[in-house]
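Student: This one is data-v4.txt, compact mmCIF, C-alpha atoms.
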```
# COMPACT_ATOMS: atom_id res chain seq x y z
CA MET A 793 115.28 278.95 -37.19
CA GLN A 794 114.48 277.35 -40.53
CA ASN A 795 114.58 273.96 -38.78
CA TRP A 796 111.86 275.02 -36.42
CA ILE A 797 109.65 276.29 -39.22
CA ASP A 798 110.16 273.08 -41.19
CA ALA A 799 109.59 270.92 -38.13
CA TYR A 800 106.22 272.54 -37.50
CA SER A 801 105.00 272.20 -41.08
CA VAL A 802 101.28 271.64 -41.58
CA VAL A 803 101.84 268.00 -42.53
CA ASN A 804 103.87 267.31 -39.39
CA LEU A 805 101.44 269.08 -37.09
CA LYS A 806 98.56 267.14 -38.60
CA PHE A 807 100.51 263.91 -38.08
CA LEU A 808 101.13 264.81 -34.44
CA LEU A 809 97.45 265.57 -33.87
CA GLN A 810 96.53 262.22 -35.42
CA GLY A 811 98.83 260.63 -32.85
CA LEU A 812 97.23 262.66 -30.08
CA TRP A 813 93.82 261.38 -31.20
CA VAL A 814 95.01 257.75 -30.91
CA THR A 815 96.39 258.56 -27.45
CA VAL A 816 93.01 259.97 -26.44
CA GLU A 817 91.15 256.97 -27.88
CA ILE A 818 93.35 254.47 -26.06
CA SER A 819 93.00 256.47 -22.85
CA ILE A 820 89.21 256.72 -23.05
CA LEU A 821 88.71 253.01 -23.76
CA SER A 822 91.16 252.03 -21.01
CA VAL A 823 89.43 254.34 -18.56
CA ILE A 824 86.02 252.84 -19.32
CA PHE A 825 87.27 249.26 -18.92
CA SER A 826 89.32 250.00 -15.83
CA MET A 827 86.48 251.88 -14.12
CA ILE A 828 84.18 248.88 -14.65
CA PHE A 829 86.65 246.15 -13.63
CA GLY A 830 88.28 248.33 -11.00
CA SER A 831 84.95 249.02 -9.29
CA ILE A 832 84.05 245.33 -9.26
CA LEU A 833 87.46 244.28 -7.91
CA GLY A 834 87.53 247.10 -5.37
CA ILE A 835 84.10 246.15 -4.02
CA ILE A 836 85.05 242.47 -3.87
CA ARG A 837 88.19 243.34 -1.93
CA TYR A 838 86.25 245.57 0.44
CA SER A 839 83.41 243.11 1.00
CA LYS A 840 85.55 240.56 2.87
CA ILE A 841 84.08 237.52 1.13
CA PRO A 842 85.94 234.50 2.59
CA TYR A 843 88.96 233.52 0.42
CA VAL A 844 87.73 235.47 -2.65
CA SER A 845 88.56 238.90 -1.22
CA LYS A 846 91.96 237.75 -0.03
CA ILE A 847 92.87 236.26 -3.40
CA VAL A 848 91.60 239.30 -5.33
CA GLY A 849 93.47 241.57 -2.93
CA PHE A 850 96.69 239.65 -3.47
CA ILE A 851 96.36 239.82 -7.26
CA ILE A 852 95.69 243.57 -7.04
CA ASP A 853 98.79 244.06 -4.89
CA ILE A 854 100.95 242.03 -7.28
CA ILE A 855 99.92 243.83 -10.46
CA ARG A 856 99.95 247.29 -8.85
CA ASN A 857 103.55 246.77 -7.84
CA LEU A 858 104.80 245.82 -11.30
CA PRO A 859 105.95 248.35 -13.91
CA LEU A 860 103.34 249.04 -16.58
CA LEU A 861 106.05 248.62 -19.19
CA LEU A 862 106.51 245.00 -18.09
CA ILE A 863 102.78 244.36 -18.48
CA ILE A 864 102.82 245.90 -21.97
CA PHE A 865 105.72 243.62 -22.94
CA PHE A 866 104.02 240.63 -21.40
CA VAL A 867 100.78 241.21 -23.30
CA TYR A 868 102.41 241.98 -26.64
CA PHE A 869 105.41 239.62 -26.65
CA GLY A 870 104.49 237.05 -24.01
CA LEU A 871 100.87 236.17 -24.76
CA PRO A 872 101.49 235.18 -28.43
CA SER A 873 103.64 232.27 -27.22
CA ILE A 874 100.65 230.88 -25.34
CA GLY A 875 98.37 231.31 -28.32
CA PHE A 876 96.83 234.80 -28.01
CA LYS A 877 98.17 237.36 -30.46
CA PRO A 878 96.62 240.81 -30.08
CA ASP A 879 97.27 243.65 -32.54
CA THR A 880 99.24 246.67 -31.25
CA ILE A 881 96.32 248.94 -30.30
CA PRO A 882 94.22 246.18 -28.65
CA ALA A 883 97.36 244.99 -26.84
CA ALA A 884 97.95 248.53 -25.56
CA ILE A 885 94.35 248.86 -24.40
CA LEU A 886 94.44 245.43 -22.75
CA ALA A 887 97.69 246.14 -20.89
CA MET A 888 96.61 249.61 -19.79
CA SER A 889 93.17 248.35 -18.69
CA VAL A 890 94.58 245.51 -16.61
CA PHE A 891 97.08 247.78 -14.88
CA GLU A 892 94.69 250.70 -14.37
CA SER A 893 91.89 248.40 -13.10
CA MET A 894 94.11 247.46 -10.17
CA MET A 895 94.90 251.12 -9.48
CA VAL A 896 91.21 252.04 -9.66
CA ALA A 897 90.30 249.06 -7.44
CA GLU A 898 92.57 250.39 -4.69
CA ILE A 899 91.12 253.91 -5.02
CA ILE A 900 87.56 252.52 -4.88
CA ARG A 901 88.32 250.37 -1.85
CA SER A 902 89.82 253.23 0.13
CA GLY A 903 86.98 255.50 -1.03
CA ILE A 904 84.39 253.05 0.32
CA GLN A 905 86.34 252.71 3.54
CA ALA A 906 86.25 256.48 3.96
CA VAL A 907 82.43 256.47 3.97
CA ASP A 908 81.19 256.30 7.55
CA ILE A 909 80.27 252.73 8.48
CA GLY A 910 77.04 254.08 10.02
CA GLN A 911 75.74 254.78 6.50
CA MET A 912 75.85 251.10 5.62
CA GLU A 913 74.44 250.06 8.99
CA ALA A 914 71.59 252.57 8.78
CA ALA A 915 70.75 251.45 5.23
CA ARG A 916 70.75 247.80 6.34
CA ALA A 917 68.60 248.70 9.36
CA MET A 918 66.10 250.33 6.96
CA GLY A 919 65.70 246.89 5.37
CA MET A 920 67.98 247.32 2.35
CA ARG A 921 70.00 244.37 1.15
CA TYR A 922 73.81 244.63 1.20
CA THR A 923 74.02 245.27 -2.56
CA GLN A 924 71.19 247.84 -2.47
CA ALA A 925 72.87 249.71 0.37
CA MET A 926 76.18 249.55 -1.47
CA VAL A 927 74.83 250.79 -4.81
CA HIS A 928 72.38 253.44 -3.57
CA ILE A 929 73.93 254.70 -0.33
CA VAL A 930 77.63 253.94 0.00
CA LEU A 931 79.00 254.11 -3.57
CA PRO A 932 77.54 257.54 -4.50
CA GLN A 933 79.21 259.05 -1.44
CA ALA A 934 82.42 257.15 -2.08
CA TYR A 935 82.70 258.28 -5.72
CA LYS A 936 82.37 261.90 -4.64
CA LYS A 937 85.36 261.49 -2.33
CA MET A 938 87.37 259.64 -4.94
CA ILE A 939 87.14 262.18 -7.78
CA PRO A 940 90.56 263.81 -7.17
CA ALA A 941 92.31 260.44 -6.90
CA LEU A 942 90.53 259.07 -9.97
CA VAL A 943 91.39 262.13 -12.06
CA SER A 944 95.04 261.99 -11.08
CA GLN A 945 94.99 258.30 -12.03
CA LEU A 946 93.49 259.30 -15.38
CA ILE A 947 96.28 261.84 -15.87
CA SER A 948 98.93 259.23 -15.20
CA LEU A 949 97.12 256.87 -17.59
CA ILE A 950 97.35 259.47 -20.37
CA LYS A 951 101.02 260.01 -19.66
CA ASP A 952 101.61 256.26 -19.54
CA THR A 953 100.16 255.73 -23.03
CA SER A 954 103.50 257.12 -24.24
CA LEU A 955 105.10 253.84 -23.10
CA THR A 956 103.15 251.93 -25.75
CA THR A 957 105.39 253.53 -28.35
CA ILE A 958 107.70 250.57 -27.67
CA ILE A 959 105.25 248.20 -29.34
CA VAL A 960 104.80 250.76 -32.16
CA VAL A 961 101.29 251.88 -31.29
CA PRO A 962 100.71 254.91 -33.56
CA GLU A 963 100.15 257.34 -30.68
CA LEU A 964 101.54 260.83 -30.06
CA MET A 965 105.01 259.84 -28.89
CA GLN A 966 105.48 257.35 -31.72
CA HIS A 967 104.37 259.87 -34.35
CA ALA A 968 106.84 262.41 -32.99
CA GLN A 969 109.58 259.79 -33.23
CA VAL A 970 108.64 259.11 -36.85
CA ILE A 971 108.96 262.84 -37.63
CA TYR A 972 112.35 263.36 -35.98
CA GLY A 973 113.51 260.05 -37.41
CA GLN A 974 113.57 261.77 -40.79
CA ASN A 975 115.69 264.69 -39.64
CA ALA A 976 117.73 264.93 -36.45
CA ASN A 977 117.26 268.72 -36.44
CA TYR A 978 113.63 268.14 -35.56
CA ILE A 979 114.42 266.41 -32.23
CA VAL A 980 114.22 269.51 -30.04
CA PRO A 981 111.14 271.01 -31.76
CA MET A 982 109.36 267.64 -31.54
CA TYR A 983 110.09 267.17 -27.85
CA LEU A 984 108.88 270.70 -27.19
CA ALA A 985 105.68 269.90 -29.09
CA LEU A 986 105.25 266.64 -27.13
CA ALA A 987 105.75 268.43 -23.82
CA VAL A 988 103.23 271.14 -24.75
CA LEU A 989 100.58 268.74 -26.06
CA TYR A 990 100.77 266.34 -23.10
CA PHE A 991 100.87 269.27 -20.71
CA ILE A 992 97.75 270.89 -22.17
CA VAL A 993 95.72 267.69 -21.93
CA CYS A 994 96.90 266.72 -18.44
CA TYR A 995 96.86 270.19 -16.91
CA ALA A 996 93.37 270.87 -18.23
CA LEU A 997 92.20 267.68 -16.53
CA SER A 998 93.83 268.56 -13.23
CA LEU A 999 92.23 272.03 -13.33
CA ALA A 1000 88.85 270.47 -14.09
CA SER A 1001 89.28 268.11 -11.16
CA LYS A 1002 89.97 271.03 -8.82
CA VAL A 1003 86.82 272.82 -10.04
CA ILE A 1004 84.64 269.71 -9.62
CA ASP A 1005 86.11 269.05 -6.20
CA ARG A 1006 85.31 272.60 -5.06
CA ARG A 1007 81.74 272.37 -6.40
CA LEU A 1008 81.07 269.10 -4.58
CA ALA A 1009 82.72 270.05 -1.32
CA MET B 507 111.77 228.62 -15.54
CA GLY B 508 114.49 227.31 -13.26
CA SER B 509 116.93 226.67 -16.10
CA LEU B 510 116.16 230.08 -17.61
CA LEU B 511 117.09 231.67 -14.31
CA ALA B 512 120.14 229.44 -13.89
CA ASN B 513 121.49 230.22 -17.36
CA ASN B 514 120.91 233.96 -17.15
CA TRP B 515 121.23 234.71 -13.45
CA HIS B 516 124.18 237.01 -14.13
CA SER B 517 122.17 239.24 -16.50
CA PHE B 518 119.17 239.29 -14.18
CA LEU B 519 121.28 240.25 -11.18
CA THR B 520 123.18 242.92 -13.14
CA GLY B 521 119.88 244.42 -14.25
CA PHE B 522 118.53 244.22 -10.71
CA GLY B 523 121.61 246.07 -9.45
CA TRP B 524 121.33 248.85 -12.02
CA THR B 525 117.61 249.23 -11.28
CA ILE B 526 118.30 249.58 -7.55
CA LEU B 527 121.22 251.96 -8.12
CA SER B 528 119.22 254.18 -10.44
CA SER B 529 116.24 254.20 -8.06
CA ILE B 530 118.31 255.10 -5.02
CA VAL B 531 120.31 257.84 -6.78
CA ALA B 532 117.09 259.30 -8.21
CA LEU B 533 115.41 259.06 -4.79
CA VAL B 534 118.17 260.94 -2.98
CA PHE B 535 118.35 263.75 -5.53
CA SER B 536 114.61 264.04 -5.99
CA LEU B 537 114.11 264.23 -2.22
CA ILE B 538 116.54 267.16 -2.08
CA ILE B 539 115.19 268.94 -5.17
CA GLY B 540 111.58 268.14 -4.32
CA SER B 541 111.88 269.46 -0.76
CA LEU B 542 113.52 272.67 -2.02
CA PHE B 543 110.68 273.30 -4.47
CA ALA B 544 108.10 272.41 -1.81
CA ILE B 545 109.61 275.00 0.52
CA MET B 546 109.64 277.53 -2.33
CA GLU B 547 105.96 276.89 -2.86
CA VAL B 548 105.07 277.88 0.70
CA MET B 549 107.45 280.87 0.92
CA PRO B 550 106.06 284.35 1.53
CA ASN B 551 107.98 285.57 -1.54
CA LYS B 552 105.61 285.57 -4.52
CA VAL B 553 108.25 285.10 -7.25
CA LEU B 554 109.72 282.00 -5.57
CA ARG B 555 106.23 280.62 -5.05
CA ILE B 556 105.44 280.97 -8.73
CA ILE B 557 108.74 279.35 -9.77
CA GLY B 558 108.06 276.41 -7.46
CA ASN B 559 104.53 276.06 -8.73
CA VAL B 560 105.51 276.15 -12.39
CA TYR B 561 108.23 273.53 -11.90
CA VAL B 562 105.84 271.16 -10.15
CA GLU B 563 102.94 271.60 -12.57
CA VAL B 564 105.13 271.32 -15.68
CA PHE B 565 106.98 268.15 -14.73
CA ARG B 566 103.96 266.44 -13.19
CA ASN B 567 102.03 266.80 -16.42
CA ILE B 568 104.61 265.60 -18.94
CA PRO B 569 105.24 261.87 -19.39
CA LEU B 570 108.43 260.53 -17.85
CA LEU B 571 109.35 258.97 -21.18
CA VAL B 572 109.28 262.36 -22.91
CA ILE B 573 111.57 263.87 -20.24
CA THR B 574 113.96 260.92 -20.31
CA MET B 575 114.19 260.70 -24.10
CA PHE B 576 114.74 264.46 -24.25
CA PHE B 577 117.81 264.16 -22.02
CA TYR B 578 119.03 261.07 -23.82
CA LEU B 579 118.84 262.66 -27.27
CA VAL B 580 119.35 266.37 -26.71
CA ILE B 581 122.23 266.60 -24.22
CA PRO B 582 124.63 264.58 -26.45
CA LEU B 583 123.55 266.73 -29.41
CA TYR B 584 124.58 270.07 -27.88
CA PHE B 585 126.57 269.38 -24.70
CA VAL B 586 128.37 266.28 -23.44
CA LYS B 587 128.01 262.64 -24.36
CA ILE B 588 126.06 260.83 -21.64
CA ASN B 589 125.05 257.20 -21.44
CA GLY B 590 121.53 255.86 -21.17
CA PHE B 591 121.81 255.13 -17.47
CA THR B 592 122.74 258.73 -16.65
CA ALA B 593 120.10 260.22 -18.94
CA GLY B 594 117.47 257.89 -17.51
CA THR B 595 118.40 258.67 -13.93
CA ILE B 596 118.30 262.42 -14.61
CA GLY B 597 114.86 262.03 -16.18
CA LEU B 598 113.64 259.95 -13.22
CA THR B 599 115.00 262.50 -10.76
CA ILE B 600 113.28 265.47 -12.40
CA TYR B 601 109.97 263.66 -12.83
CA THR B 602 109.92 262.24 -9.29
CA SER B 603 111.06 265.50 -7.68
CA ALA B 604 107.89 267.20 -8.94
CA PHE B 605 105.75 264.55 -7.23
CA ILE B 606 107.82 264.67 -4.05
CA ALA B 607 107.53 268.48 -4.00
CA GLU B 608 103.75 268.12 -4.16
CA THR B 609 103.75 265.52 -1.36
CA VAL B 610 106.07 267.53 0.91
CA ARG B 611 104.13 270.75 0.24
CA SER B 612 100.88 269.16 1.35
CA GLY B 613 102.73 267.83 4.40
CA ILE B 614 103.97 271.32 5.28
CA ASN B 615 100.50 272.74 4.75
CA SER B 616 98.95 270.19 7.06
CA VAL B 617 101.22 271.24 9.93
CA ASP B 618 99.14 273.61 12.05
CA ILE B 619 99.87 277.25 11.16
CA GLY B 620 100.10 277.99 14.90
CA GLN B 621 103.39 276.07 15.01
CA MET B 622 105.03 278.52 12.62
CA GLU B 623 103.47 281.52 14.38
CA ALA B 624 104.57 280.31 17.80
CA ALA B 625 108.12 279.70 16.56
CA ARG B 626 108.26 283.16 15.00
CA ALA B 627 106.87 284.68 18.21
CA MET B 628 109.71 282.97 20.11
CA GLY B 629 112.11 285.01 17.98
CA MET B 630 113.10 282.39 15.41
CA THR B 631 113.70 283.52 11.84
CA TYR B 632 111.49 282.09 9.08
CA GLY B 633 114.27 279.71 8.03
CA GLN B 634 114.87 278.49 11.58
CA ALA B 635 111.19 277.96 12.25
CA MET B 636 110.87 276.05 8.98
CA ARG B 637 113.90 273.88 9.63
CA TYR B 638 113.49 273.08 13.33
CA ILE B 639 109.73 273.25 13.86
CA VAL B 640 107.68 272.78 10.70
CA LEU B 641 109.74 270.42 8.49
CA PRO B 642 110.34 267.69 11.14
CA GLN B 643 106.58 267.50 11.74
CA ALA B 644 105.83 267.59 8.02
CA PHE B 645 108.25 264.78 7.19
CA LYS B 646 106.61 262.48 9.73
CA LEU B 647 103.27 263.02 7.99
CA VAL B 648 104.63 262.41 4.51
CA ILE B 649 106.55 259.18 5.15
CA PRO B 650 103.79 256.85 3.85
CA PRO B 651 103.16 258.90 0.67
CA LEU B 652 106.91 259.19 0.12
CA GLY B 653 107.17 255.40 0.38
CA ASN B 654 104.56 255.14 -2.34
CA GLN B 655 106.56 257.60 -4.43
CA PHE B 656 109.58 255.35 -4.02
CA ILE B 657 107.56 252.36 -5.25
CA ASN B 658 106.51 254.41 -8.28
CA LEU B 659 110.13 255.39 -8.79
CA VAL B 660 111.28 251.76 -8.85
CA LYS B 661 108.51 250.88 -11.30
CA ASN B 662 109.23 253.95 -13.42
CA SER B 663 112.92 253.10 -13.58
CA SER B 664 111.86 250.57 -16.24
CA VAL B 665 111.95 253.47 -18.74
CA LEU B 666 115.71 253.01 -18.64
CA ALA B 667 115.00 250.14 -21.04
CA PHE B 668 114.13 252.75 -23.68
CA VAL B 669 117.54 254.38 -23.44
CA ALA B 670 119.68 251.24 -23.05
CA GLY B 671 120.15 251.82 -19.32
CA PHE B 672 121.13 248.17 -18.54
CA ASP B 673 118.31 247.95 -15.99
CA LEU B 674 116.17 244.90 -15.17
CA MET B 675 113.66 245.56 -17.95
CA TYR B 676 116.43 246.05 -20.51
CA GLN B 677 118.17 242.82 -19.49
CA GLY B 678 114.83 241.03 -19.51
CA ASN B 679 114.20 242.10 -23.09
CA ALA B 680 117.66 240.98 -24.12
CA ILE B 681 117.14 237.57 -22.53
CA ALA B 682 113.64 237.25 -23.99
CA SER B 683 114.89 237.92 -27.49
CA GLN B 684 117.73 235.42 -27.11
CA THR B 685 115.82 232.56 -25.55
CA PHE B 686 112.37 233.21 -27.12
CA ASP B 687 110.99 232.19 -23.72
CA THR B 688 109.15 235.51 -23.33
CA VAL B 689 106.51 234.45 -20.79
CA ASN B 690 108.93 232.97 -18.26
CA THR B 691 111.49 235.76 -18.72
CA TYR B 692 108.92 238.45 -18.02
CA ILE B 693 107.61 236.51 -15.02
CA ILE B 694 111.13 236.37 -13.56
CA VAL B 695 111.63 240.09 -14.27
CA GLY B 696 108.31 240.75 -12.53
CA LEU B 697 109.39 238.73 -9.48
CA PHE B 698 112.57 240.79 -9.23
CA TYR B 699 110.54 244.02 -9.23
CA LEU B 700 108.15 242.60 -6.64
CA VAL B 701 111.06 241.75 -4.33
CA ILE B 702 111.61 245.51 -3.99
CA THR B 703 108.13 246.98 -4.33
CA LEU B 704 105.85 244.53 -2.50
CA PRO B 705 107.55 244.65 0.94
CA ILE B 706 107.68 248.48 0.83
CA SER B 707 104.04 248.58 -0.22
CA TYR B 708 102.93 246.36 2.69
CA TYR B 709 105.14 248.22 5.15
CA MET B 710 103.71 251.59 4.06
CA ARG B 711 100.18 250.28 4.48
CA HIS B 712 101.12 249.12 7.97
CA LEU B 713 102.62 252.55 8.73
CA GLU B 714 99.52 254.34 7.46
CA LYS B 715 97.40 252.26 9.81
CA THR B 716 99.61 252.81 12.85
CA LEU B 717 100.18 256.53 12.24
CA ALA B 718 96.49 257.23 11.63
```
Could you write out this file's structure as structure tokens?
Tutor:
Amino acid sequence: MQNWIDAYSVVNLKFLLQGLWVTVEISILSVIFSMIFGSILGIIRYSKIPYVSKIVGFIIDIIRNLPLLLIIFFVYFGLPSIGFKPDTIPAAILAMSVFESMMVAEIIRSGIQAVDIGQMEAARAMGMRYTQAMVHIVLPQAYKKMIPALVSQLISLIKDTSLTTIIVVPELMQHAQVIYGQNANYIVPMYLALAVLYFIVCYALSLASKVIDRRLA
Amino acid sequence: MGSLLANNWHSFLTGFGWTILSSIVALVFSLIIGSLFAIMEVMPNKVLRIIGNVYVEVFRNIPLLVITMFFYLVIPLYFVKINGFTAGTIGLTIYTSAFIAETVRSGINSVDIGQMEAARAMGMTYGQAMRYIVLPQAFKLVIPPLGNQFINLVKNSSVLAFVAGFDLMYQGNAIASQTFDTVNTYIIVGLFYLVITLPISYYMRHLEKTLA
């Protein structure tokens, strides 16, 4: 019992919350970047531009089918040998953004596909250009349909930030490891704390997604 | 890159084998466990429904790495000594089973309720109706999403590298730190993963199109 009380000392809890904050920061930045690049790539893949769409589609398929852990290793340990040496946190954000962009691109593409083709045709018939019709007519409807898929992608992104502990990014998982590294009796309390903290963040998001989905439907 | 592969082909192939073994073992067990929890979630019995729901929500919302490391560190501490491969595969199974339960549950729910009612009206018990009427239809619907779960499982099996599970990622790291040729090593590791995941991914897309 004493172990549990010691494990959850104020200093340790504060240290864990610091880690959680880094996790949240990495997640938010990666989400912003991957939404931007993912949308662009998804639209390019959907638009069937000769050659370009095929090549982009192939790159998306390749990266989507690789483990994120491999991409993290590649960015942090591989890129320095060809002259680009990112720090741990930027490397984590870069790896997560690249991987998540491809996931988002696929979600965006299938979201656009789910919008009735008549919407695009009608907008074009009204005299809108392709990009105008895309931005003002098709995308707003597509995003509405994609919210559940995007939120579940966000949840897996938050969970996946734990993988960056391998390149010693000071996030939640790594901070917990530092704490139980000092005392093996803290292992179980720390893993319980990790489970609870990740669960609260992720479950809250999935509940929010359900509420939003119901409102929009 | 060719000489790197030639000098280390044994390690790469060993890793590839462990990755496939772990993925298949985890797939089989998580299909069984996941289907059981999915059925629990649609049962008339409220207690079973809640148990099923809690299992799925808890393990879907905790990182795989946390689950795997927990088994790797805690089981040897209090119970038996297990190696990284076993701990990793247990972690993968639990994590994946929650996702499979969710997939199968939505498959069961999308089978028309009239099928169950008709089967019950014919005098079948709930279990019979589930087994012979509802589940076969549900499984057909969930094949493409289950294929995607398998792809995720293969990719996720790379967490075995954290617990010294001898898998592809672990071997890749060992080779990278010996040869210092990180870029080419990771590219070869990536190609090995793609050999498994890419064909399944394209096949599932094809299936989705033909089934739809």
Student: What gap, in Å, lies between atom CA of B:Leu537 and atom CA of B:Met636?
Tutor: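 So the two atoms, atom CA of B:Leu537 and atom CA of B:Met636, lie 16.6 Å apart.
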Student: Identify every residue of chain B that has at least one atom within 9 Å of any atom of chain A, counting only C-alpha atoms, and report the result as number ranges by chain.
Tutor: B: 563-573, 575-576, 579-580, 657-658, 660-665, 668, 675, 679, 682, 686-693, 695-697, 699-700, 703-704, 707-708
Student: Would you compute the distance between atom CA of A:Gly834 and atom CA of A:Arg901? Give it in Å to one decimal.
Tutor: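 Interatomic distance here is 4.9 Å.
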Student: Rounded to one decimal place, report the atom CA of A:Val960-atom CA of B:Thr574 distance in Å.
Tutor: 18.1 Å
Student: Report as a Markdown table the residues of stretch 608-718 of chain B within 6 Å of stretch 521-532 of chain B, each with its shortest atom pair and distance in Å (one decimal), using only C-alpha atoms, ordered by chain and increasing residue number.
Tutor:
```
| residue | atom | partner | partner_atom | distance |
| --- | --- | --- | --- | --- |
| B:Val660 | CA | B:Ser529 | CA | 5.6 |
| B:Phe672 | CA | B:Gly521 | CA | 5.8 |
| B:Asp673 | CA | B:Gly521 | CA | 4.2 |
| B:Leu674 | CA | B:Gly521 | CA | 3.9 |
| B:Gln677 | CA | B:Gly521 | CA | 5.7 |
```
Student: Find the smallest box with edges along x, y and z containing every listed atom of stretch 670-677 of chain B, then add 5 Å on each side and report centre and edge lengths in Å to one decimal, as lines of an AutoDock Vina configuration file.
Tutor:
```
center_x = 117.4
center_y = 247.3
center_z = -19.1
size_x = 17.5
size_y = 19.0
size_z = 17.9
```
Student: I'd like the neighbourhood of B:Gly558 as a ChimeraX atom specification, where a residue qualifies if any of its atoms comes within 9 Å (using only C-alpha atoms), though same-chain residues fewer than 6 positions away should be ignored.
Tutor: /B:542-548,607
Student: Which residues are near B:Asn513? Cut-off 12 Å, only C-alpha atoms, ignore same chain within fewer than 3 positions. Put them as number ranges by chain.
Tutor: B: 507-510, 516-519, 681, 684-685, 691
Student: Could you take the residues named above and write them with C-alpha atoms, as a PDB file, in the coordinates of the input?
Tutor:
```pdb
ATOM      1  CA  MET B 507     111.770 228.620 -15.540  1.00  0.00           C
ATOM      2  CA  GLY B 508     114.490 227.310 -13.260  1.00  0.00           C
ATOM      3  CA  SER B 509     116.930 226.670 -16.100  1.00  0.00           C
ATOM      4  CA  LEU B 510     116.160 230.080 -17.610  1.00  0.00           C
ATOM      5  CA  HIS B 516     124.180 237.010 -14.130  1.00  0.00           C
ATOM      6  CA  SER B 517     122.170 239.240 -16.500  1.00  0.00           C
ATOM      7  CA  PHE B 518     119.170 239.290 -14.180  1.00  0.00           C
ATOM      8  CA  LEU B 519     121.280 240.250 -11.180  1.00  0.00           C
ATOM      9  CA  ILE B 681     117.140 237.570 -22.530  1.00  0.00           C
ATOM     10  CA  GLN B 684     117.730 235.420 -27.110  1.00  0.00           C
ATOM     11  CA  THR B 685     115.820 232.560 -25.550  1.00  0.00           C
ATOM     12  CA  THR B 691     111.490 235.760 -18.720  1.00  0.00           C
TER      13      THR B 691
END
```
Student: Show which residues sit within 10 Å of A:Ile971, as a PyMOL selection string. Count all atoms listed in the file, and ignore same-chain residues fewer than 2 positions away.
Tutor: chain A and resi 799+804-805+807-808+966-969+973-976+978-979+982
Student: Show me, as CSV, the residues of stretch 798-907 of chain A having an atom within 8 Å of stretch 934-943 of chain A, each with the closest atom pair and its distance in Å, using all atoms listed in the file.
Tutor:
```
residue,atom,partner,partner_atom,distance
A:Val896,CA,A:Leu942,CA,7.1
A:Ile899,CA,A:Met938,CA,6.8
A:Ile900,CA,A:Met938,CA,7.1
A:Gly903,CA,A:Ala934,CA,5.0
A:Ile904,CA,A:Ala934,CA,5.1
A:Ala906,CA,A:Ala934,CA,7.2
A:Val907,CA,A:Ala934,CA,6.1
```
Student: As a ChimeraX atom specification, please: the residues near B:Pro651 (cut-off 12 Å, only C-alpha atoms, same-chain neighbours under 2 positions excluded).
Tutor: /B:605-613,644-649,653-658,706-707,709-711,713-714
Student: Skipping near chain neighbours, those fewer than 4 positions away, what residues fall within 8 Å of B:Thr599 using only C-alpha atoms, listed as a ChimeraX atom specification?
Tutor: /B:532-533,535-536,595,603
Student: Could you check which of A:Leu809, A:Val970, A:Ala985, A:Val848 is closest to A:Glu898, using all atoms listed in the file?
Tutor: A:Val848
Student: With all atoms listed in the file as the atoms that count, which of B:Ser683, B:Gln643, B:Thr716, B:Thr520 lies nearest to B:Ile614?
Tutor: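 Closest residue, counting all atoms listed in the file: B:Gln643.
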Student: Could you check which of B:Asp618, B:Gly590, B:Ala624, B:Leu583 is closest to B:Tyr676, using all atoms listed in the file?
Tutor: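 Closest residue, counting all atoms listed in the file: B:Gly590.
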Student: Please determine, counting all atoms listed in the file, which residue among B:Pro582, B:Gly678, B:Gly629, B:Gly540 has the shortest atom-to-atom distance to B:Tyr601.
Tutor: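 Among B:Pro582, B:Gly678, B:Gly629, B:Gly540, it is B:Gly540 that comes nearest to B:Tyr601.
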